[in-house]
$ cat my_file-v1.tsv   # TSV, N, CA and C atoms
chain	number	residue	atom	x	y	z
A	151	MET	N	99.07	150.15	-33.05
A	151	MET	CA	99.37	149.24	-34.12
A	151	MET	C	98.30	149.43	-35.22
A	152	ASN	N	98.73	149.54	-36.48
A	152	ASN	CA	97.75	149.68	-37.55
A	152	ASN	C	97.25	148.30	-38.00
A	153	LEU	N	96.29	148.29	-38.92
A	153	LEU	CA	95.63	147.05	-39.32
A	153	LEU	C	96.61	146.04	-39.93
A	154	GLU	N	97.50	146.50	-40.79
A	154	GLU	CA	98.48	145.60	-41.42
A	154	GLU	C	99.44	145.02	-40.38
A	155	GLU	N	99.83	145.83	-39.40
A	155	GLU	CA	100.73	145.35	-38.35
A	155	GLU	C	100.05	144.29	-37.49
A	156	LEU	N	98.76	144.45	-37.23
A	156	LEU	CA	98.03	143.44	-36.45
A	156	LEU	C	98.04	142.09	-37.16
A	157	VAL	N	97.77	142.08	-38.47
A	157	VAL	CA	97.80	140.83	-39.23
A	157	VAL	C	99.21	140.28	-39.26
A	158	ALA	N	100.20	141.14	-39.36
A	158	ALA	CA	101.60	140.70	-39.43
A	158	ALA	C	102.05	139.98	-38.17
A	159	THR	N	101.34	140.16	-37.06
A	159	THR	CA	101.69	139.43	-35.84
A	159	THR	C	101.33	137.95	-35.96
A	160	MET	N	100.55	137.59	-36.99
A	160	MET	CA	100.12	136.21	-37.22
A	160	MET	C	100.53	135.77	-38.63
A	161	PRO	N	101.70	135.14	-38.77
A	161	PRO	CA	102.15	134.73	-40.10
A	161	PRO	C	101.14	133.87	-40.86
A	162	PHE	N	100.41	132.99	-40.15
A	162	PHE	CA	99.42	132.15	-40.83
A	162	PHE	C	98.29	132.99	-41.42
A	163	ALA	N	97.86	134.01	-40.70
A	163	ALA	CA	96.82	134.91	-41.21
A	163	ALA	C	97.31	135.63	-42.45
A	164	GLN	N	98.56	136.03	-42.44
A	164	GLN	CA	99.15	136.65	-43.64
A	164	GLN	C	99.16	135.67	-44.80
A	165	GLU	N	99.55	134.44	-44.52
A	165	GLU	CA	99.61	133.40	-45.56
A	165	GLU	C	98.23	133.17	-46.18
A	166	LEU	N	97.17	133.30	-45.39
A	166	LEU	CA	95.81	133.12	-45.88
A	166	LEU	C	95.28	134.35	-46.61
A	167	GLY	N	96.04	135.43	-46.57
A	167	GLY	CA	95.61	136.65	-47.24
A	167	GLY	C	94.52	137.41	-46.51
A	168	ILE	N	94.44	137.22	-45.20
A	168	ILE	CA	93.44	137.94	-44.40
A	168	ILE	C	93.77	139.43	-44.39
A	169	VAL	N	92.74	140.22	-44.65
A	169	VAL	CA	92.88	141.68	-44.66
A	169	VAL	C	91.91	142.25	-43.64
A	170	LEU	N	92.41	143.05	-42.73
A	170	LEU	CA	91.54	143.72	-41.75
A	170	LEU	C	91.00	145.01	-42.34
A	171	THR	N	89.74	145.29	-42.05
A	171	THR	CA	89.14	146.55	-42.46
A	171	THR	C	88.78	147.42	-41.26
A	172	ARG	N	88.78	146.82	-40.07
A	172	ARG	CA	88.51	147.55	-38.83
A	172	ARG	C	89.00	146.70	-37.67
A	173	ALA	N	89.55	147.35	-36.67
A	173	ALA	CA	89.97	146.63	-35.46
A	173	ALA	C	90.02	147.61	-34.29
A	174	ASP	N	89.16	147.36	-33.31
A	174	ASP	CA	89.18	148.12	-32.07
A	174	ASP	C	88.59	147.24	-30.97
A	175	ARG	N	88.50	147.75	-29.77
A	175	ARG	CA	88.02	146.95	-28.64
A	175	ARG	C	86.59	146.44	-28.83
A	176	GLU	N	85.78	147.16	-29.60
A	176	GLU	CA	84.39	146.78	-29.81
A	176	GLU	C	84.21	145.71	-30.89
A	177	GLY	N	85.22	145.51	-31.71
A	177	GLY	CA	85.10	144.49	-32.74
A	177	GLY	C	86.16	144.57	-33.81
A	178	VAL	N	86.22	143.50	-34.59
A	178	VAL	CA	87.20	143.39	-35.67
A	178	VAL	C	86.46	142.92	-36.91
A	179	GLU	N	86.81	143.50	-38.06
A	179	GLU	CA	86.24	143.10	-39.33
A	179	GLU	C	87.36	142.81	-40.30
A	180	GLY	N	87.15	141.80	-41.15
A	180	GLY	CA	88.16	141.47	-42.12
A	180	GLY	C	87.62	140.59	-43.23
A	181	THR	N	88.48	140.33	-44.20
A	181	THR	CA	88.10	139.54	-45.36
A	181	THR	C	89.18	138.51	-45.70
A	182	MET	N	88.76	137.52	-46.48
A	182	MET	CA	89.68	136.53	-47.03
A	182	MET	C	89.09	136.07	-48.37
A	183	ALA	N	89.93	136.01	-49.38
A	183	ALA	CA	89.46	135.61	-50.71
A	183	ALA	C	89.46	134.09	-50.86
A	184	TRP	N	88.46	133.60	-51.61
A	184	TRP	CA	88.44	132.20	-52.01
A	184	TRP	C	89.64	131.98	-52.91
A	185	SER	N	90.27	130.83	-52.77
A	185	SER	CA	91.31	130.41	-53.72
A	185	SER	C	91.35	128.89	-53.73
A	186	ALA	N	91.76	128.32	-54.84
A	186	ALA	CA	91.79	126.87	-55.01
A	186	ALA	C	92.64	126.21	-53.93
A	187	GLU	N	93.70	126.88	-53.48
A	187	GLU	CA	94.59	126.31	-52.47
A	187	GLU	C	93.94	126.19	-51.11
A	188	ARG	N	92.82	126.87	-50.92
A	188	ARG	CA	92.11	126.86	-49.64
A	188	ARG	C	90.84	126.01	-49.69
A	189	CYS	N	90.74	125.14	-50.68
A	189	CYS	CA	89.51	124.39	-50.91
A	189	CYS	C	89.60	122.93	-50.50
A	190	THR	N	88.44	122.36	-50.37
A	190	THR	CA	88.25	120.93	-50.17
A	190	THR	C	87.61	120.39	-51.46
A	191	ALA	N	87.02	119.22	-51.42
A	191	ALA	CA	86.38	118.64	-52.61
A	191	ALA	C	85.29	119.55	-53.15
A	192	GLY	N	85.12	119.53	-54.45
A	192	GLY	CA	84.06	120.31	-55.08
A	192	GLY	C	84.31	121.79	-55.13
A	193	ASP	N	85.55	122.21	-55.00
A	193	ASP	CA	85.92	123.63	-55.04
A	193	ASP	C	85.28	124.46	-53.93
A	194	LEU	N	84.88	123.81	-52.84
A	194	LEU	CA	84.33	124.53	-51.69
A	194	LEU	C	85.46	125.02	-50.79
A	195	LEU	N	85.34	126.25	-50.34
A	195	LEU	CA	86.31	126.77	-49.39
A	195	LEU	C	86.33	125.87	-48.16
A	196	HIS	N	87.50	125.43	-47.78
A	196	HIS	CA	87.66	124.48	-46.67
A	196	HIS	C	87.18	125.09	-45.36
A	197	GLY	N	86.47	124.29	-44.58
A	197	GLY	CA	85.99	124.76	-43.27
A	197	GLY	C	87.13	125.22	-42.38
A	198	GLY	N	88.28	124.58	-42.49
A	198	GLY	CA	89.44	125.00	-41.70
A	198	GLY	C	89.90	126.40	-42.06
A	199	ALA	N	89.80	126.76	-43.33
A	199	ALA	CA	90.17	128.11	-43.75
A	199	ALA	C	89.19	129.13	-43.18
A	200	ILE	N	87.91	128.77	-43.20
A	200	ILE	CA	86.89	129.66	-42.64
A	200	ILE	C	87.11	129.82	-41.13
A	201	MET	N	87.41	128.70	-40.46
A	201	MET	CA	87.68	128.76	-39.02
A	201	MET	C	88.95	129.57	-38.73
A	202	ALA	N	89.94	129.47	-39.61
A	202	ALA	CA	91.18	130.24	-39.41
A	202	ALA	C	90.90	131.73	-39.50
A	203	LEU	N	90.02	132.13	-40.42
A	203	LEU	CA	89.63	133.55	-40.49
A	203	LEU	C	88.97	133.97	-39.17
A	204	ALA	N	88.01	133.18	-38.71
A	204	ALA	CA	87.31	133.50	-37.46
A	204	ALA	C	88.26	133.52	-36.27
A	205	ASP	N	89.15	132.54	-36.18
A	205	ASP	CA	90.08	132.46	-35.07
A	205	ASP	C	91.07	133.62	-35.09
A	206	SER	N	91.52	133.99	-36.27
A	206	SER	CA	92.47	135.11	-36.39
A	206	SER	C	91.84	136.42	-35.94
A	207	LEU	N	90.64	136.69	-36.43
A	207	LEU	CA	89.96	137.91	-36.03
A	207	LEU	C	89.59	137.87	-34.55
A	208	GLY	N	89.19	136.70	-34.06
A	208	GLY	CA	88.89	136.55	-32.64
A	208	GLY	C	90.11	136.79	-31.77
A	209	GLY	N	91.24	136.28	-32.19
A	209	GLY	CA	92.48	136.50	-31.44
A	209	GLY	C	92.86	137.97	-31.39
A	210	ILE	N	92.67	138.66	-32.50
A	210	ILE	CA	92.97	140.09	-32.53
A	210	ILE	C	92.00	140.84	-31.62
A	211	CYS	N	90.73	140.48	-31.67
A	211	CYS	CA	89.73	141.13	-30.82
A	211	CYS	C	90.07	140.92	-29.34
A	212	ALA	N	90.44	139.69	-28.99
A	212	ALA	CA	90.83	139.42	-27.60
A	212	ALA	C	92.06	140.24	-27.23
A	213	PHE	N	93.06	140.26	-28.10
A	213	PHE	CA	94.29	141.02	-27.86
A	213	PHE	C	93.98	142.49	-27.56
A	214	LEU	N	93.06	143.05	-28.33
A	214	LEU	CA	92.71	144.46	-28.14
A	214	LEU	C	91.96	144.72	-26.85
A	215	ASN	N	91.45	143.67	-26.22
A	215	ASN	CA	90.71	143.80	-24.96
A	215	ASN	C	91.51	143.34	-23.74
A	216	LEU	N	92.78	143.00	-23.94
A	216	LEU	CA	93.60	142.52	-22.83
A	216	LEU	C	94.05	143.64	-21.90
A	217	PRO	N	94.24	143.31	-20.64
A	217	PRO	CA	94.90	144.27	-19.76
A	217	PRO	C	96.37	144.39	-20.16
A	218	GLU	N	96.97	145.50	-19.84
A	218	GLU	CA	98.37	145.74	-20.20
A	218	GLU	C	99.27	144.61	-19.69
A	219	GLY	N	100.13	144.13	-20.57
A	219	GLY	CA	101.10	143.10	-20.21
A	219	GLY	C	100.60	141.67	-20.32
A	220	ALA	N	99.32	141.47	-20.64
A	220	ALA	CA	98.76	140.12	-20.75
A	220	ALA	C	98.84	139.62	-22.19
A	221	GLY	N	98.72	138.32	-22.35
A	221	GLY	CA	98.65	137.68	-23.65
A	221	GLY	C	97.38	136.87	-23.74
A	222	THR	N	97.17	136.23	-24.89
A	222	THR	CA	95.96	135.45	-25.09
A	222	THR	C	96.22	134.22	-25.95
A	223	SER	N	95.37	133.23	-25.79
A	223	SER	CA	95.41	132.03	-26.61
A	223	SER	C	94.01	131.44	-26.66
A	224	THR	N	93.64	130.90	-27.82
A	224	THR	CA	92.34	130.26	-27.95
A	224	THR	C	92.32	128.98	-27.11
A	225	ILE	N	91.30	128.84	-26.26
A	225	ILE	CA	91.19	127.60	-25.47
A	225	ILE	C	89.97	126.78	-25.88
A	226	GLU	N	89.05	127.39	-26.65
A	226	GLU	CA	87.88	126.65	-27.13
A	226	GLU	C	87.31	127.39	-28.31
A	227	SER	N	86.86	126.63	-29.32
A	227	SER	CA	86.26	127.24	-30.50
A	227	SER	C	85.18	126.32	-31.05
A	228	LYS	N	84.03	126.89	-31.37
A	228	LYS	CA	82.89	126.12	-31.89
A	228	LYS	C	82.37	126.85	-33.12
A	229	THR	N	82.30	126.13	-34.23
A	229	THR	CA	81.80	126.72	-35.47
A	229	THR	C	80.63	125.93	-36.01
A	230	ASN	N	79.58	126.63	-36.39
A	230	ASN	CA	78.46	126.03	-37.12
A	230	ASN	C	78.55	126.56	-38.55
A	231	PHE	N	78.53	125.63	-39.51
A	231	PHE	CA	78.58	126.00	-40.92
A	231	PHE	C	77.17	125.97	-41.50
A	232	MET	N	76.80	127.00	-42.24
A	232	MET	CA	75.45	127.10	-42.80
A	232	MET	C	75.42	126.78	-44.29
A	233	ARG	N	76.50	127.08	-44.99
A	233	ARG	CA	76.56	126.87	-46.44
A	233	ARG	C	78.01	126.88	-46.88
A	234	GLY	N	78.23	126.46	-48.11
A	234	GLY	CA	79.56	126.47	-48.69
A	234	GLY	C	79.75	127.69	-49.58
A	235	VAL	N	81.00	127.92	-49.96
A	235	VAL	CA	81.29	129.03	-50.86
A	235	VAL	C	82.30	128.56	-51.91
A	236	ARG	N	82.04	128.90	-53.17
A	236	ARG	CA	82.87	128.44	-54.28
A	236	ARG	C	83.60	129.56	-55.00
A	237	ALA	N	83.42	130.80	-54.57
A	237	ALA	CA	84.08	131.92	-55.25
A	237	ALA	C	83.94	133.17	-54.41
A	238	GLY	N	84.73	134.17	-54.75
A	238	GLY	CA	84.58	135.48	-54.15
A	238	GLY	C	85.37	135.68	-52.87
A	239	VAL	N	85.02	136.72	-52.19
A	239	VAL	CA	85.66	137.12	-50.95
A	239	VAL	C	84.65	136.94	-49.83
A	240	ILE	N	85.09	136.30	-48.75
A	240	ILE	CA	84.23	136.18	-47.57
A	240	ILE	C	84.62	137.27	-46.57
A	241	SER	N	83.66	137.66	-45.77
A	241	SER	CA	83.93	138.69	-44.77
A	241	SER	C	83.52	138.18	-43.40
A	242	ALA	N	84.13	138.73	-42.39
A	242	ALA	CA	83.83	138.33	-41.02
A	242	ALA	C	83.76	139.56	-40.13
A	243	VAL	N	82.82	139.48	-39.18
A	243	VAL	CA	82.67	140.52	-38.16
A	243	VAL	C	82.73	139.83	-36.81
A	244	THR	N	83.65	140.28	-35.99
A	244	THR	CA	83.91	139.69	-34.69
A	244	THR	C	83.61	140.70	-33.59
A	245	GLU	N	82.97	140.23	-32.52
A	245	GLU	CA	82.73	141.13	-31.38
A	245	GLU	C	82.91	140.37	-30.08
A	246	PRO	N	83.39	141.06	-29.05
A	246	PRO	CA	83.48	140.40	-27.74
A	246	PRO	C	82.09	140.32	-27.13
A	247	ILE	N	81.77	139.15	-26.59
A	247	ILE	CA	80.48	139.04	-25.90
A	247	ILE	C	80.67	138.92	-24.39
A	248	TYR	N	81.92	138.68	-23.96
A	248	TYR	CA	82.25	138.68	-22.54
A	248	TYR	C	83.75	138.97	-22.41
A	249	VAL	N	84.09	139.98	-21.63
A	249	VAL	CA	85.48	140.31	-21.36
A	249	VAL	C	85.68	140.22	-19.85
A	250	GLY	N	86.34	139.14	-19.43
A	250	GLY	CA	86.57	138.91	-18.01
A	250	GLY	C	88.05	139.00	-17.67
A	251	HIS	N	88.36	138.67	-16.43
A	251	HIS	CA	89.74	138.73	-15.96
A	251	HIS	C	90.56	137.52	-16.40
A	252	ARG	N	89.89	136.38	-16.62
A	252	ARG	CA	90.59	135.15	-17.00
A	252	ARG	C	90.27	134.67	-18.41
A	253	THR	N	89.11	135.06	-18.92
A	253	THR	CA	88.71	134.65	-20.28
A	253	THR	C	88.02	135.80	-21.00
A	254	ILE	N	88.06	135.71	-22.33
A	254	ILE	CA	87.33	136.61	-23.20
A	254	ILE	C	86.58	135.72	-24.19
A	255	VAL	N	85.28	135.94	-24.33
A	255	VAL	CA	84.47	135.16	-25.26
A	255	VAL	C	84.15	136.05	-26.47
A	256	ILE	N	84.39	135.50	-27.64
A	256	ILE	CA	84.27	136.23	-28.89
A	256	ILE	C	83.27	135.51	-29.78
A	257	GLN	N	82.48	136.26	-30.55
A	257	GLN	CA	81.59	135.65	-31.53
A	257	GLN	C	81.87	136.28	-32.90
A	258	THR	N	81.93	135.41	-33.92
A	258	THR	CA	82.25	135.86	-35.27
A	258	THR	C	81.20	135.36	-36.25
A	259	HIS	N	80.69	136.27	-37.06
A	259	HIS	CA	79.77	135.95	-38.15
A	259	HIS	C	80.57	136.04	-39.45
A	260	VAL	N	80.60	134.94	-40.21
A	260	VAL	CA	81.30	134.90	-41.49
A	260	VAL	C	80.25	134.86	-42.59
A	261	ARG	N	80.39	135.76	-43.57
A	261	ARG	CA	79.39	135.89	-44.64
A	261	ARG	C	80.02	135.79	-46.02
A	262	ASP	N	79.22	135.35	-46.99
A	262	ASP	CA	79.70	135.29	-48.37
A	262	ASP	C	79.57	136.66	-49.03
A	263	ARG	N	79.93	136.73	-50.31
A	263	ARG	CA	79.92	138.02	-51.00
A	263	ARG	C	78.52	138.60	-51.14
A	264	ASP	N	77.47	137.77	-50.99
A	264	ASP	CA	76.10	138.25	-51.04
A	264	ASP	C	75.55	138.59	-49.65
A	265	GLY	N	76.38	138.47	-48.63
A	265	GLY	CA	75.96	138.78	-47.28
A	265	GLY	C	75.26	137.65	-46.56
A	266	LYS	N	75.21	136.46	-47.19
A	266	LYS	CA	74.56	135.31	-46.55
A	266	LYS	C	75.51	134.69	-45.53
A	267	LEU	N	74.93	134.26	-44.41
A	267	LEU	CA	75.73	133.69	-43.33
A	267	LEU	C	76.32	132.35	-43.76
A	268	LEU	N	77.65	132.24	-43.69
A	268	LEU	CA	78.37	131.00	-43.98
A	268	LEU	C	78.63	130.22	-42.71
A	269	ALA	N	79.05	130.93	-41.68
A	269	ALA	CA	79.46	130.25	-40.45
A	269	ALA	C	79.31	131.20	-39.27
A	270	LEU	N	79.07	130.59	-38.11
A	270	LEU	CA	79.00	131.32	-36.85
A	270	LEU	C	79.97	130.64	-35.89
A	271	THR	N	80.93	131.39	-35.40
A	271	THR	CA	81.95	130.84	-34.51
A	271	THR	C	81.88	131.55	-33.16
A	272	THR	N	81.90	130.76	-32.10
A	272	THR	CA	82.03	131.29	-30.75
A	272	THR	C	83.30	130.69	-30.18
A	273	GLN	N	84.17	131.54	-29.65
A	273	GLN	CA	85.42	131.03	-29.10
A	273	GLN	C	85.73	131.69	-27.77
A	274	THR	N	86.48	130.95	-26.97
A	274	THR	CA	86.94	131.46	-25.69
A	274	THR	C	88.44	131.63	-25.76
A	275	GLN	N	88.90	132.79	-25.36
A	275	GLN	CA	90.31	133.11	-25.32
A	275	GLN	C	90.76	133.24	-23.85
A	276	ALA	N	91.86	132.61	-23.55
A	276	ALA	CA	92.43	132.75	-22.21
A	276	ALA	C	93.12	134.09	-22.08
A	277	VAL	N	93.02	134.70	-20.92
A	277	VAL	CA	93.81	135.89	-20.59
A	277	VAL	C	95.02	135.40	-19.81
A	278	ILE	N	96.20	135.51	-20.40
A	278	ILE	CA	97.42	134.98	-19.82
A	278	ILE	C	98.23	136.13	-19.23
A	279	THR	N	98.38	136.12	-17.89
A	279	THR	CA	99.13	137.19	-17.24
A	279	THR	C	100.50	136.71	-16.82
$ encode --input "my_file-v1.tsv" --output "structure tokens"
Amino acid sequence: MNLEELVATMPFAQELGIVLTRADREGVEGTMAWSAERCTAGDLLHGGAIMALADSLGGICAFLNLPEGAGTSTIESKTNFMRGVRAGVISAVTEPIYVGHRTIVIQTHVRDRDGKLLALTTQTQAVIT
């Protein structure tokens, strides 16, 4: 599956304009642009939009690490926000930190256009057989 096809498996990720730049078993990288429709008060990118980027990339990373015939679903997600963003494109880098038989734990670093850390997300994905 190519990068566009991976995003196409998640209509919500497509709706958010998430673009993958890399996806393999070792990690997933992608971007999402700031837009007024994705904001909260003060023109800040909504935390839910940032979490959706992290969750989408995490889901793809888990999917790429599944055994044949298995599926995945997020069962826990924790995000720490460091700063807000009012413009530009944010980027995220996701990597598996534990790949087990029943769960996969993923960590995602989300950064602003200057490379400053916006958010750190750790999530657990179920391995569904």
$ atom_distance --input "my_file-v1.tsv" --atom1 "atom CA of Ile210 of chain A" --atom2 "atom CA of Gln275 of chain A"
10.4 Å
$ residues_around --input "my_file-v1.tsv" --residues "Ala269 of chain A" --least-positions-apart "5" --cutoff "6 Å" --atoms "all atoms listed in the file" --output "ChimeraX atom specification"
/A:230-233,258-261
$ atom_distance --input "my_file-v1.tsv" --atom1 "atom CA of Arg252 of chain A" --atom2 "atom N of Ala276 of chain A"
7.1 Å
$ atom_distance --input "my_file-v1.tsv" --atom1 "atom CA of Ile225 of chain A" --atom2 "atom CA of Ala191 of chain A"
29.0 Å
$ closest_residue --input "my_file-v1.tsv" --among "A:Ser241, A:Gln257, A:Asn152, A:Thr279" --to "Gly221 of chain A" --atoms "all atoms listed in the file"
A:Thr279
$ select_by_dssp --input "my_file-v1.tsv" --residues "chain A" --states "alpha helix (DSSP H)" --output "list of chain:residue names"
A:Leu153, A:Glu154, A:Glu155, A:Leu156, A:Val157, A:Ala158, A:Pro161, A:Phe162, A:Ala163, A:Gln164, A:Glu165, A:Gly197, A:Gly198, A:Ala199, A:Ile200, A:Met201, A:Ala202, A:Leu203, A:Ala204, A:Asp205, A:Ser206, A:Leu207, A:Gly208, A:Gly209, A:Ile210, A:Cys211, A:Ala212, A:Phe213, A:Leu214
$ write_last_selection --input "my_file-v1.tsv" --atoms "N, CA and C atoms" --output "CSV table (one decimal), in the frame of the given file"
chain,number,residue,atom,x,y,z
A,153,LEU,N,96.3,148.3,-38.9
A,153,LEU,CA,95.6,147.0,-39.3
A,153,LEU,C,96.6,146.0,-39.9
A,154,GLU,N,97.5,146.5,-40.8
A,154,GLU,CA,98.5,145.6,-41.4
A,154,GLU,C,99.4,145.0,-40.4
A,155,GLU,N,99.8,145.8,-39.4
A,155,GLU,CA,100.7,145.4,-38.4
A,155,GLU,C,100.0,144.3,-37.5
A,156,LEU,N,98.8,144.4,-37.2
A,156,LEU,CA,98.0,143.4,-36.4
A,156,LEU,C,98.0,142.1,-37.2
A,157,VAL,N,97.8,142.1,-38.5
A,157,VAL,CA,97.8,140.8,-39.2
A,157,VAL,C,99.2,140.3,-39.3
A,158,ALA,N,100.2,141.1,-39.4
A,158,ALA,CA,101.6,140.7,-39.4
A,158,ALA,C,102.0,140.0,-38.2
A,161,PRO,N,101.7,135.1,-38.8
A,161,PRO,CA,102.2,134.7,-40.1
A,161,PRO,C,101.1,133.9,-40.9
A,162,PHE,N,100.4,133.0,-40.2
A,162,PHE,CA,99.4,132.2,-40.8
A,162,PHE,C,98.3,133.0,-41.4
A,163,ALA,N,97.9,134.0,-40.7
A,163,ALA,CA,96.8,134.9,-41.2
A,163,ALA,C,97.3,135.6,-42.4
A,164,GLN,N,98.6,136.0,-42.4
A,164,GLN,CA,99.2,136.6,-43.6
A,164,GLN,C,99.2,135.7,-44.8
A,165,GLU,N,99.6,134.4,-44.5
A,165,GLU,CA,99.6,133.4,-45.6
A,165,GLU,C,98.2,133.2,-46.2
A,197,GLY,N,86.5,124.3,-44.6
A,197,GLY,CA,86.0,124.8,-43.3
A,197,GLY,C,87.1,125.2,-42.4
A,198,GLY,N,88.3,124.6,-42.5
A,198,GLY,CA,89.4,125.0,-41.7
A,198,GLY,C,89.9,126.4,-42.1
A,199,ALA,N,89.8,126.8,-43.3
A,199,ALA,CA,90.2,128.1,-43.8
A,199,ALA,C,89.2,129.1,-43.2
A,200,ILE,N,87.9,128.8,-43.2
A,200,ILE,CA,86.9,129.7,-42.6
A,200,ILE,C,87.1,129.8,-41.1
A,201,MET,N,87.4,128.7,-40.5
A,201,MET,CA,87.7,128.8,-39.0
A,201,MET,C,89.0,129.6,-38.7
A,202,ALA,N,89.9,129.5,-39.6
A,202,ALA,CA,91.2,130.2,-39.4
A,202,ALA,C,90.9,131.7,-39.5
A,203,LEU,N,90.0,132.1,-40.4
A,203,LEU,CA,89.6,133.6,-40.5
A,203,LEU,C,89.0,134.0,-39.2
A,204,ALA,N,88.0,133.2,-38.7
A,204,ALA,CA,87.3,133.5,-37.5
A,204,ALA,C,88.3,133.5,-36.3
A,205,ASP,N,89.2,132.5,-36.2
A,205,ASP,CA,90.1,132.5,-35.1
A,205,ASP,C,91.1,133.6,-35.1
A,206,SER,N,91.5,134.0,-36.3
A,206,SER,CA,92.5,135.1,-36.4
A,206,SER,C,91.8,136.4,-35.9
A,207,LEU,N,90.6,136.7,-36.4
A,207,LEU,CA,90.0,137.9,-36.0
A,207,LEU,C,89.6,137.9,-34.6
A,208,GLY,N,89.2,136.7,-34.1
A,208,GLY,CA,88.9,136.6,-32.6
A,208,GLY,C,90.1,136.8,-31.8
A,209,GLY,N,91.2,136.3,-32.2
A,209,GLY,CA,92.5,136.5,-31.4
A,209,GLY,C,92.9,138.0,-31.4
A,210,ILE,N,92.7,138.7,-32.5
A,210,ILE,CA,93.0,140.1,-32.5
A,210,ILE,C,92.0,140.8,-31.6
A,211,CYS,N,90.7,140.5,-31.7
A,211,CYS,CA,89.7,141.1,-30.8
A,211,CYS,C,90.1,140.9,-29.3
A,212,ALA,N,90.4,139.7,-29.0
A,212,ALA,CA,90.8,139.4,-27.6
A,212,ALA,C,92.1,140.2,-27.2
A,213,PHE,N,93.1,140.3,-28.1
A,213,PHE,CA,94.3,141.0,-27.9
A,213,PHE,C,94.0,142.5,-27.6
A,214,LEU,N,93.1,143.0,-28.3
A,214,LEU,CA,92.7,144.5,-28.1
A,214,LEU,C,92.0,144.7,-26.8
$ residues_around --input "my_file-v1.tsv" --residues "Val169 of chain A" --least-positions-apart "2" --cutoff "8 Å" --atoms "only C-alpha atoms" --output "PDB file with N, CA and C atoms, keeping the file's coordinate frame"
ATOM      1  N   GLU A 154      97.500 146.500 -40.790  1.00  0.00           N
ATOM      2  CA  GLU A 154      98.480 145.600 -41.420  1.00  0.00           C
ATOM      3  C   GLU A 154      99.440 145.020 -40.380  1.00  0.00           C
ATOM      4  N   VAL A 157      97.770 142.080 -38.470  1.00  0.00           N
ATOM      5  CA  VAL A 157      97.800 140.830 -39.230  1.00  0.00           C
ATOM      6  C   VAL A 157      99.210 140.280 -39.260  1.00  0.00           C
ATOM      7  N   GLY A 167      96.040 135.430 -46.570  1.00  0.00           N
ATOM      8  CA  GLY A 167      95.610 136.650 -47.240  1.00  0.00           C
ATOM      9  C   GLY A 167      94.520 137.410 -46.510  1.00  0.00           C
ATOM     10  N   THR A 171      89.740 145.290 -42.050  1.00  0.00           N
ATOM     11  CA  THR A 171      89.140 146.550 -42.460  1.00  0.00           C
ATOM     12  C   THR A 171      88.780 147.420 -41.260  1.00  0.00           C
ATOM     13  N   GLY A 180      87.150 141.800 -41.150  1.00  0.00           N
ATOM     14  CA  GLY A 180      88.160 141.470 -42.120  1.00  0.00           C
ATOM     15  C   GLY A 180      87.620 140.590 -43.230  1.00  0.00           C
ATOM     16  N   THR A 181      88.480 140.330 -44.200  1.00  0.00           N
ATOM     17  CA  THR A 181      88.100 139.540 -45.360  1.00  0.00           C
ATOM     18  C   THR A 181      89.180 138.510 -45.700  1.00  0.00           C
ATOM     19  N   MET A 182      88.760 137.520 -46.480  1.00  0.00           N
ATOM     20  CA  MET A 182      89.680 136.530 -47.030  1.00  0.00           C
ATOM     21  C   MET A 182      89.090 136.070 -48.370  1.00  0.00           C
TER      22      MET A 182
END
$ residues_around --input "my_file-v1.tsv" --residues "Ile240 of chain A" --least-positions-apart "3" --cutoff "10 Å" --atoms "only C-alpha atoms" --output "list in words"
Ile168, Gly180, Thr181, Met182, Ala183, Trp184, Leu195, Ile200, Leu203, Val235, Ala237, Val260, Arg261, Asp262, Arg263, Asp264, Gly265, Lys266, Leu267 and Leu268 of chain A
$ closest_residue --input "my_file-v1.tsv" --among "A:Tyr248, A:Leu214, A:Glu176, A:Asp205" --to "Thr271 of chain A" --atoms "only N, CA and C atoms"
A:Asp205
$ closest_residue --input "my_file-v1.tsv" --among "A:Arg175, A:Ala199, A:Thr272, A:His251" --to "Ala212 of chain A" --atoms "all atoms listed in the file"
A:Arg175
$ residues_near_point --input "my_file-v1.tsv" --point "(87.0, 127.8, -31.4)" --cutoff "7 Å" --atoms "only C-alpha atoms" --output "list in words"
Asp205, Thr224, Glu226, Ser227, Lys228, Thr229, Thr271, Thr272, Gln273 and Thr274 of chain A
$ select_by_dssp --input "my_file-v1.tsv" --residues "segment 157-225 of chain A" --states "strand (DSSP E)" --output "number ranges by chain"
A: 169-174, 177-183, 221-225
$ closest_residue --input "my_file-v1.tsv" --among "A:Leu153, A:Arg172, A:Val239, A:Gly197" --to "Ser185 of chain A" --atoms "all atoms listed in the file"
A:Val239
$ closest_residue --input "my_file-v1.tsv" --among "A:Asp193, A:Glu179, A:Glu165, A:Asp174" --to "Met151 of chain A" --atoms "only C-alpha atoms"
A:Asp174
$ axis_aligned_box --input "my_file-v1.tsv" --around "segment 181-196 of chain A" --padding-each-side "8 Å" --output "lines of an AutoDock Vina configuration file"
center_x = 89.3
center_y = 129.5
center_z = -49.7
size_x = 26.5
size_y = 37.7
size_z = 26.9
$ residues_around --input "my_file-v1.tsv" --residues "Ile247 of chain A" --least-positions-apart "2" --cutoff "6.5 Å" --atoms "only N, CA and C atoms" --output "NGL selection string"
:A and (245 or 249 or 254-257)
$ closest_residue --input "my_file-v1.tsv" --among "A:Met201, A:Val178, A:Ala163, A:Ala158" --to "Ala242 of chain A" --atoms "all atoms listed in the file"
A:Val178
